[in-house]
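data37.csv follows (CSV, C-alpha atoms and all ligand atoms):
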```csv
chain,number,residue,atom,x,y,z
R,1,MET,CA,-55.3,91.5,26.7
R,2,GLY,CA,-57.9,92.0,24.0
R,3,ARG,CA,-61.3,90.4,24.5
R,4,VAL,CA,-64.5,90.3,22.6
R,5,ALA,CA,-67.0,93.0,23.7
R,6,ILE,CA,-70.6,93.7,22.6
R,7,VAL,CA,-72.1,97.1,23.1
R,8,THR,CA,-75.9,97.2,22.6
R,9,GLY,CA,-77.2,100.4,21.0
R,10,GLY,CA,-73.6,100.8,20.0
R,11,THR,CA,-73.7,102.8,16.8
R,12,ARG,CA,-74.9,106.1,18.2
R,13,GLY,CA,-74.6,108.4,21.2
R,14,ILE,CA,-73.2,107.0,24.4
R,15,GLY,CA,-72.9,103.5,22.8
R,16,GLU,CA,-70.8,104.8,19.9
R,17,ALA,CA,-68.4,106.5,22.3
R,18,ILE,CA,-68.1,103.2,24.4
R,19,CYS,CA,-67.4,101.2,21.2
R,20,LYS,CA,-64.6,103.5,20.2
R,21,ARG,CA,-63.1,103.6,23.7
R,22,LEU,CA,-63.1,99.8,24.0
R,23,GLN,CA,-61.6,99.5,20.6
R,24,ARG,CA,-58.8,101.8,21.7
R,25,GLN,CA,-58.2,99.6,24.7
R,26,GLY,CA,-57.4,96.8,22.3
R,27,HIS,CA,-60.6,94.8,22.4
R,28,THR,CA,-62.5,93.2,19.5
R,29,VAL,CA,-65.7,95.3,19.6
R,30,VAL,CA,-69.1,94.5,18.1
R,31,ALA,CA,-71.9,97.0,18.1
R,32,ASN,CA,-75.5,95.9,18.2
R,33,TYR,CA,-78.2,98.2,16.9
R,34,ALA,CA,-82.0,98.0,16.5
R,35,GLY,CA,-83.1,99.9,13.4
R,36,ASN,CA,-81.1,102.8,12.0
R,37,GLU,CA,-79.3,101.0,9.1
R,38,GLU,CA,-77.9,104.2,7.6
R,39,LYS,CA,-76.2,105.3,10.8
R,40,ALA,CA,-74.9,101.7,11.4
R,41,ARG,CA,-73.3,101.6,8.0
R,42,ALA,CA,-71.7,105.0,8.5
R,43,PHE,CA,-70.5,103.9,11.9
R,44,THR,CA,-68.9,100.7,10.6
R,45,ALA,CA,-67.3,102.6,7.7
R,46,GLN,CA,-65.8,105.1,10.1
R,47,THR,CA,-64.6,102.7,12.8
R,48,GLY,CA,-64.2,99.3,11.2
R,49,ILE,CA,-66.4,98.0,14.0
R,50,PRO,CA,-69.0,95.5,12.8
R,51,ALA,CA,-72.7,96.2,13.6
R,52,TYR,CA,-75.2,93.4,14.1
R,53,ARG,CA,-78.9,94.2,14.0
R,54,TRP,CA,-81.3,92.7,16.5
R,55,ASP,CA,-83.9,94.0,19.0
R,56,VAL,CA,-82.5,93.4,22.5
R,57,GLY,CA,-86.0,93.3,23.8
R,58,ASP,CA,-86.7,90.2,21.8
R,59,HIS,CA,-85.4,87.1,23.7
R,60,GLU,CA,-85.0,84.7,20.8
R,61,ALA,CA,-83.4,87.4,18.5
R,62,THR,CA,-80.9,88.3,21.3
R,63,MET,CA,-79.9,84.6,21.9
R,64,ALA,CA,-79.4,84.1,18.1
R,65,GLY,CA,-77.5,87.5,17.7
R,66,CYS,CA,-75.1,86.8,20.5
R,67,ALA,CA,-74.5,83.2,19.2
R,68,GLN,CA,-73.7,84.7,15.8
R,69,VAL,CA,-71.2,87.2,17.3
R,70,ALA,CA,-69.5,84.4,19.3
R,71,ALA,CA,-69.3,82.2,16.1
R,72,ASP,CA,-67.8,85.1,14.1
R,73,HIS,CA,-65.4,86.5,16.7
R,74,GLY,CA,-65.0,84.1,19.7
R,75,PRO,CA,-66.5,84.0,23.2
R,76,VAL,CA,-67.9,87.2,24.5
R,77,ASP,CA,-66.2,88.4,27.7
R,78,ILE,CA,-67.5,91.9,27.9
R,79,VAL,CA,-71.1,93.1,27.6
R,80,VAL,CA,-72.2,96.7,27.8
R,81,ASN,CA,-76.0,97.0,28.0
R,82,ASN,CA,-76.5,100.5,26.7
R,83,ALA,CA,-79.5,100.1,24.4
R,84,GLY,CA,-82.5,102.2,25.6
R,85,ILE,CA,-85.4,104.2,24.5
R,86,THR,CA,-87.6,106.9,26.0
R,87,ARG,CA,-91.4,107.2,25.6
R,88,ASP,CA,-91.9,110.2,27.9
R,89,GLY,CA,-95.3,111.4,29.1
R,90,THR,CA,-97.2,111.9,32.3
R,91,LEU,CA,-98.9,108.8,33.6
R,92,HIS,CA,-102.4,110.0,32.7
R,93,LYS,CA,-101.3,110.3,29.0
R,94,MET,CA,-99.0,107.2,28.9
R,95,SER,CA,-100.3,104.2,27.0
R,96,PHE,CA,-99.6,100.6,28.0
R,97,ASP,CA,-97.4,100.3,24.9
R,98,ASP,CA,-95.3,103.3,26.0
R,99,TRP,CA,-94.8,101.5,29.4
R,100,ASN,CA,-94.2,98.1,27.9
R,101,ASP,CA,-91.8,99.0,25.1
R,102,VAL,CA,-89.5,100.8,27.6
R,103,MET,CA,-89.6,97.9,30.1
R,104,ARG,CA,-89.1,95.3,27.4
R,105,ILE,CA,-86.2,97.0,25.8
R,106,ASN,CA,-84.4,98.9,28.6
R,107,LEU,CA,-84.8,96.3,31.3
R,108,GLY,CA,-85.7,93.2,29.4
R,109,GLY,CA,-82.7,93.8,27.1
R,110,CYS,CA,-80.3,93.4,30.1
R,111,PHE,CA,-81.9,90.1,31.0
R,112,ASN,CA,-81.8,88.8,27.5
R,113,MET,CA,-78.2,89.8,27.0
R,114,ALA,CA,-77.2,88.3,30.3
R,115,LYS,CA,-79.0,85.0,29.5
R,116,ALA,CA,-77.0,84.8,26.2
R,117,THR,CA,-73.6,85.6,27.6
R,118,PHE,CA,-73.3,85.2,31.4
R,119,PRO,CA,-73.2,81.4,31.4
R,120,GLY,CA,-70.1,81.4,29.2
R,121,MET,CA,-68.4,84.0,31.3
R,122,ARG,CA,-69.2,81.9,34.4
R,123,GLU,CA,-67.7,78.8,32.8
R,124,ARG,CA,-64.5,80.6,31.6
R,125,GLY,CA,-64.0,82.3,35.0
R,126,TRP,CA,-63.9,85.9,33.7
R,127,GLY,CA,-66.4,88.4,32.6
R,128,ARG,CA,-67.5,92.0,32.7
R,129,ILE,CA,-71.1,93.3,32.4
R,130,VAL,CA,-71.8,97.0,32.6
R,131,ASN,CA,-75.4,98.1,32.6
R,132,ILE,CA,-76.2,101.7,31.7
R,133,GLY,CA,-78.8,103.0,34.1
R,134,SER,CA,-79.7,106.6,34.6
R,135,ILE,CA,-79.9,109.4,37.1
R,136,ASN,CA,-83.6,109.2,36.5
R,137,GLY,CA,-83.6,105.6,37.8
R,138,GLN,CA,-82.0,106.9,41.0
R,139,ALA,CA,-84.0,110.1,41.5
R,140,GLY,CA,-87.2,109.7,39.4
R,141,GLN,CA,-88.2,112.2,36.7
R,142,TYR,CA,-91.5,113.9,36.0
R,143,GLY,CA,-93.0,112.3,32.8
R,144,GLN,CA,-90.9,109.1,33.0
R,145,VAL,CA,-92.6,106.5,35.2
R,146,ASN,CA,-91.7,103.9,32.5
R,147,TYR,CA,-88.1,104.9,32.0
R,148,ALA,CA,-87.4,105.6,35.7
R,149,ALA,CA,-88.9,102.2,36.6
R,150,ALA,CA,-86.8,100.4,34.0
R,151,LYS,CA,-83.6,102.2,34.9
R,152,SER,CA,-84.2,101.7,38.6
R,153,GLY,CA,-84.8,98.0,37.8
R,154,ILE,CA,-81.4,97.9,36.1
R,155,HIS,CA,-79.8,99.0,39.3
R,156,GLY,CA,-81.4,96.1,41.2
R,157,PHE,CA,-80.7,93.6,38.4
R,158,THR,CA,-77.0,94.7,38.6
R,159,LYS,CA,-76.7,94.1,42.4
R,160,ALA,CA,-78.4,90.7,42.1
R,161,LEU,CA,-76.4,89.4,39.2
R,162,ALA,CA,-73.2,90.7,40.8
R,163,GLN,CA,-73.7,88.4,43.7
R,164,GLU,CA,-74.1,85.5,41.3
R,165,GLY,CA,-71.0,86.3,39.3
R,166,ALA,CA,-68.6,87.2,42.0
R,167,LYS,CA,-67.1,83.8,42.7
R,168,PHE,CA,-66.7,83.1,39.0
R,169,GLY,CA,-64.7,86.2,38.2
R,170,VAL,CA,-67.6,88.0,36.6
R,171,THR,CA,-68.2,91.6,37.7
R,172,VAL,CA,-71.5,93.3,37.1
R,173,ASN,CA,-71.8,97.0,37.6
R,174,ALA,CA,-74.0,99.9,36.5
R,175,ILE,CA,-73.2,103.4,35.4
R,176,ALA,CA,-75.9,106.0,36.0
R,177,PRO,CA,-75.3,108.9,33.5
R,178,GLY,CA,-76.8,112.2,34.1
R,179,TYR,CA,-78.0,114.4,31.1
R,180,ILE,CA,-75.5,113.7,28.3
R,181,ASP,CA,-75.3,115.6,25.0
R,182,THR,CA,-77.0,112.9,22.8
R,183,ASP,CA,-80.0,112.7,20.4
R,184,MET,CA,-82.1,111.3,23.3
R,185,VAL,CA,-81.5,114.4,25.5
R,186,ALA,CA,-81.9,116.7,22.4
R,187,ALA,CA,-85.4,115.4,22.2
R,188,VAL,CA,-86.4,117.0,25.5
R,189,PRO,CA,-88.4,120.2,24.9
R,190,PRO,CA,-85.8,123.1,25.0
R,191,ALA,CA,-87.6,125.0,27.8
R,192,VAL,CA,-87.6,121.9,30.0
R,193,LEU,CA,-84.0,121.1,29.2
R,194,GLU,CA,-82.9,124.6,30.1
R,195,LYS,CA,-84.3,124.1,33.6
R,196,ILE,CA,-82.6,120.8,34.0
R,197,VAL,CA,-79.2,122.1,32.9
R,198,ALA,CA,-79.6,125.0,35.4
R,199,LYS,CA,-79.7,122.3,38.1
R,200,ILE,CA,-76.4,120.6,37.1
R,201,PRO,CA,-73.7,122.0,39.4
R,202,VAL,CA,-70.9,121.7,36.8
R,203,GLY,CA,-73.2,123.8,34.5
R,204,ARG,CA,-73.2,121.8,31.3
R,205,LEU,CA,-74.4,118.5,29.8
R,206,GLY,CA,-72.1,115.6,30.0
R,207,GLN,CA,-70.2,114.2,27.0
R,208,ALA,CA,-70.7,110.6,25.8
R,209,GLU,CA,-66.9,110.1,26.1
R,210,GLU,CA,-67.2,110.8,29.9
R,211,ILE,CA,-69.4,107.8,30.2
R,212,ALA,CA,-67.1,105.7,28.0
R,213,ARG,CA,-64.2,106.3,30.3
R,214,GLY,CA,-66.2,104.9,33.2
R,215,VAL,CA,-66.9,101.8,31.1
R,216,ALA,CA,-63.2,101.4,30.3
R,217,PHE,CA,-62.3,101.2,33.9
R,218,LEU,CA,-65.1,98.8,34.9
R,219,THR,CA,-64.3,96.4,32.1
R,220,SER,CA,-60.5,96.5,32.7
R,221,GLU,CA,-58.4,94.0,34.7
R,222,ASN,CA,-58.1,96.9,37.3
R,223,GLY,CA,-61.9,96.8,37.9
R,224,GLY,CA,-61.8,93.3,39.3
R,225,PHE,CA,-62.6,94.2,42.9
R,226,MET,CA,-65.5,96.5,41.9
R,227,THR,CA,-68.8,94.7,41.5
R,228,GLY,CA,-72.5,95.4,42.2
R,229,SER,CA,-71.8,99.1,42.3
R,230,THR,CA,-73.3,102.1,40.5
R,231,MET,CA,-71.0,104.7,39.2
R,232,SER,CA,-72.8,108.0,39.0
R,233,ILE,CA,-71.5,110.3,36.3
R,234,ASN,CA,-73.8,113.3,36.3
R,235,GLY,CA,-72.0,116.6,36.9
R,236,GLY,CA,-73.2,116.6,40.5
R,237,GLN,CA,-76.9,116.8,39.6
R,238,HIS,CA,-77.8,113.9,42.0
R,239,MET,CA,-75.3,113.0,44.8
R,240,TYR,CA,-76.2,109.5,45.7
J,1,LIG,N1,-91.9,119.0,38.0
J,1,LIG,C1,-93.1,119.4,38.3
J,1,LIG,N2,-93.9,119.8,37.3
J,1,LIG,C2,-93.5,119.7,36.0
J,1,LIG,C3,-92.3,119.3,35.7
J,1,LIG,C4,-91.4,118.9,36.8
J,1,LIG,N3,-90.2,118.4,36.5
J,1,LIG,N4,-92.1,119.3,34.4
J,1,LIG,C5,-93.3,119.8,33.9
J,1,LIG,N5,-94.1,120.1,34.9
J,1,LIG,C6,-95.4,120.6,34.8
J,1,LIG,C7,-95.4,121.8,33.9
J,1,LIG,O1,-95.0,123.0,34.6
J,1,LIG,C8,-96.9,121.9,33.5
J,1,LIG,O2,-97.6,122.5,34.5
J,1,LIG,P1,-98.7,123.6,34.2
J,1,LIG,O3,-99.6,123.0,33.1
J,1,LIG,O4,-99.4,123.9,35.5
J,1,LIG,O5,-98.0,124.7,33.6
J,1,LIG,C9,-97.3,120.4,33.4
J,1,LIG,O6,-96.3,119.7,34.2
J,1,LIG,C10,-97.3,119.9,32.0
J,1,LIG,O7,-96.0,120.1,31.5
J,1,LIG,P2,-95.7,120.0,29.9
J,1,LIG,O8,-96.4,121.2,29.3
J,1,LIG,O9,-94.2,119.9,29.7
J,1,LIG,O10,-96.6,118.7,29.6
J,1,LIG,P3,-96.5,117.8,28.3
J,1,LIG,O11,-97.5,116.8,28.5
J,1,LIG,O12,-96.4,118.6,27.1
J,1,LIG,O13,-95.0,117.1,28.5
J,1,LIG,C11,-93.4,115.8,29.4
J,1,LIG,C12,-94.7,116.4,29.6
J,1,LIG,C13,-93.4,114.8,28.2
J,1,LIG,C14,-93.0,115.0,30.6
J,1,LIG,C15,-92.3,116.9,29.1
J,1,LIG,O14,-92.4,117.8,30.2
J,1,LIG,C16,-90.9,116.4,29.0
J,1,LIG,O15,-90.5,115.9,28.0
J,1,LIG,N6,-90.1,116.5,30.1
J,1,LIG,C17,-88.8,116.0,30.1
J,1,LIG,C18,-88.7,114.6,30.7
J,1,LIG,C19,-87.2,114.2,30.7
J,1,LIG,O16,-86.4,114.8,31.4
J,1,LIG,N7,-86.9,113.2,30.0
J,1,LIG,C20,-85.5,112.8,30.0
J,1,LIG,C21,-85.2,112.3,28.6
J,1,LIG,S1,-83.4,112.0,28.4
J,1,LIG,C22,-83.2,110.7,29.3
J,1,LIG,O17,-84.0,110.1,29.9
J,1,LIG,C23,-81.7,110.3,29.5
J,1,LIG,C24,-81.3,110.1,30.9
J,1,LIG,O18,-81.2,109.0,31.3
J,1,LIG,C25,-81.1,111.2,31.7
```

Now, as a test, write the supplied structure out as structure tokens.
Ligand code: CAA
Amino acid sequence: MGRVAIVTGGTRGIGEAICKRLQRQGHTVVANYAGNEEKARAFTAQTGIPAYRWDVGDHEATMAGCAQVAADHGPVDIVVNNAGITRDGTLHKMSFDDWNDVMRINLGGCFNMAKATFPGMRERGWGRIVNIGSINGQAGQYGQVNYAAAKSGIHGFTKALAQEGAKFGVTVNAIAPGYIDTDMVAAVPPAVLEKIVAKIPVGRLGQAEEIARGVAFLTSENGGFMTGSTMSINGGQHMY
């Protein structure tokens, strides 16, 4: 059965692969994006998936954006909180803004999206929320106190909201990707990235589609008994 799905940060990288996969599953998919107009237009032209612009770290903008999506397409039953940024740096060089932006967008975005969509799912008795965490939220990462804290927060947020949604047919799960071949990972200095890849047992970066397949399962009818879990998709880099 096709449902309405929103994927935040959906026009690029992992989010783009998730949008395409959910569309192939027969859902009405909407991508959210924050700023890259050119890429969003190209994405919509290629996929036919509409892209709505708002900052998921902005509470009011997220409430308004989700209300607009529901008015245009119908009640939102599937949310994939994928939007995220990095502002890497060791603590002694990290500014408060670097900390705050990452917490506001990566973790605050999950809260804002849930505030906008979870009550409706609860009322209708069905919903799927998938939060994209990270291996670095599980294991920590040098130069990422902000990102690791936000992603680790996502894993706690997931387990708490899962308990609230369970009796209403709303599952809430997380996926913790390892290092995936995206623009975000390409921004890691090559010498550092080389050392990271050397520690991945399967010997390569992951592909965005490999995360999208996990999302497809968690958002399907078959995923109904799985809630509050974290699916680690990381090539064996961190066995949790
Ligand atoms: N463990 C211990 N020491 C480390 C280290 C590590 N993992 N990484 C770097 N260091 C050390 C270096 O060896 C160096 O020591 P010396 O000065 O004694 O040689 C010192 O730290 C400074 O390192 P840099 O020269 O790299 O310092 P910098 O200030 O230029 O950069 C940094 C620091 C920004 C953290 C940079 O190392 C970096 O970008 N690292 C990658 C961080 C990372 O993995 N980010 C993931 C982004 S992708 C993502 O987040 C997606 C996801 O979910 C997986």

If we count only C-alpha atoms, what is near range 86-103 of chain R at a cut-off of 9 Å, once residues fewer than 4 positions away on the same chain are taken out, given as a short mmCIF file (atom, residue, chain, number, x, y, z; two decimals) with C-alpha atoms, in the frame of the given file?
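Saved file out04.cif follows:
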```
data_model
loop_
_atom_site.label_atom_id
_atom_site.label_comp_id
_atom_site.auth_asym_id
_atom_site.auth_seq_id
_atom_site.Cartn_x
_atom_site.Cartn_y
_atom_site.Cartn_z
CA GLY R 57 -86.00 93.30 23.80
CA LEU R 107 -84.80 96.30 31.30
CA GLY R 108 -85.70 93.20 29.40
CA GLY R 109 -82.70 93.80 27.10
CA TYR R 142 -91.50 113.90 36.00
CA GLY R 143 -93.00 112.30 32.80
CA GLN R 144 -90.90 109.10 33.00
CA VAL R 145 -92.60 106.50 35.20
CA ASN R 146 -91.70 103.90 32.50
CA TYR R 147 -88.10 104.90 32.00
CA ALA R 149 -88.90 102.20 36.60
CA ALA R 150 -86.80 100.40 34.00
CA LYS R 151 -83.60 102.20 34.90
CA MET R 184 -82.10 111.30 23.30
#
```

Would you kindly return, as JSON, numbers by chain, each protein, DNA or RNA residue with an atom no farther than 9 Å from any atom of Ser152 in chain R, considering only C-alpha atoms and excluding same-chain residues fewer than 6 positions away? {"R": [133, 134, 135, 136, 137, 138, 139, 140]}

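The residue that comes closest to ligand LIG 1 (chain J), out of R:Ala45, R:Cys110, R:Leu218, R:Ile14 and on the basis of all atoms listed in the file, is R:Ile14.
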
Once you count all atoms listed in the file, what closest atom pair and distance in Å to one decimal does each residue of range 32-100 of chain R within 12 Å of range 206-217 of chain R have, with rows by chain and rising residue number, as a Markdown table?
```
| residue | atom | partner | partner_atom | distance |
| --- | --- | --- | --- | --- |
| R:Ile78 | CA | R:Val215 | CA | 10.4 |
| R:Val79 | CA | R:Val215 | CA | 10.3 |
| R:Val80 | CA | R:Val215 | CA | 8.1 |
| R:Asn81 | CA | R:Val215 | CA | 10.7 |
| R:Asn82 | CA | R:Val215 | CA | 10.6 |
```

Would you save the residues from that selection as a short mmCIF file (atom, residue, chain, number, x, y, z; two decimals), in the frame of the given file, using C-alpha atoms?
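Result written to again.cif:
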```cif
data_model
loop_
_atom_site.label_atom_id
_atom_site.label_comp_id
_atom_site.auth_asym_id
_atom_site.auth_seq_id
_atom_site.Cartn_x
_atom_site.Cartn_y
_atom_site.Cartn_z
CA ILE R 78 -67.50 91.90 27.90
CA VAL R 79 -71.10 93.10 27.60
CA VAL R 80 -72.20 96.70 27.80
CA ASN R 81 -76.00 97.00 28.00
CA ASN R 82 -76.50 100.50 26.70
#
```

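The shortest atom-to-atom distance to ligand LIG 1 (chain J), with all atoms listed in the file taken into account, belongs to R:Ala83 out of R:Val172, R:Ala83, R:Met239, R:Ala34.
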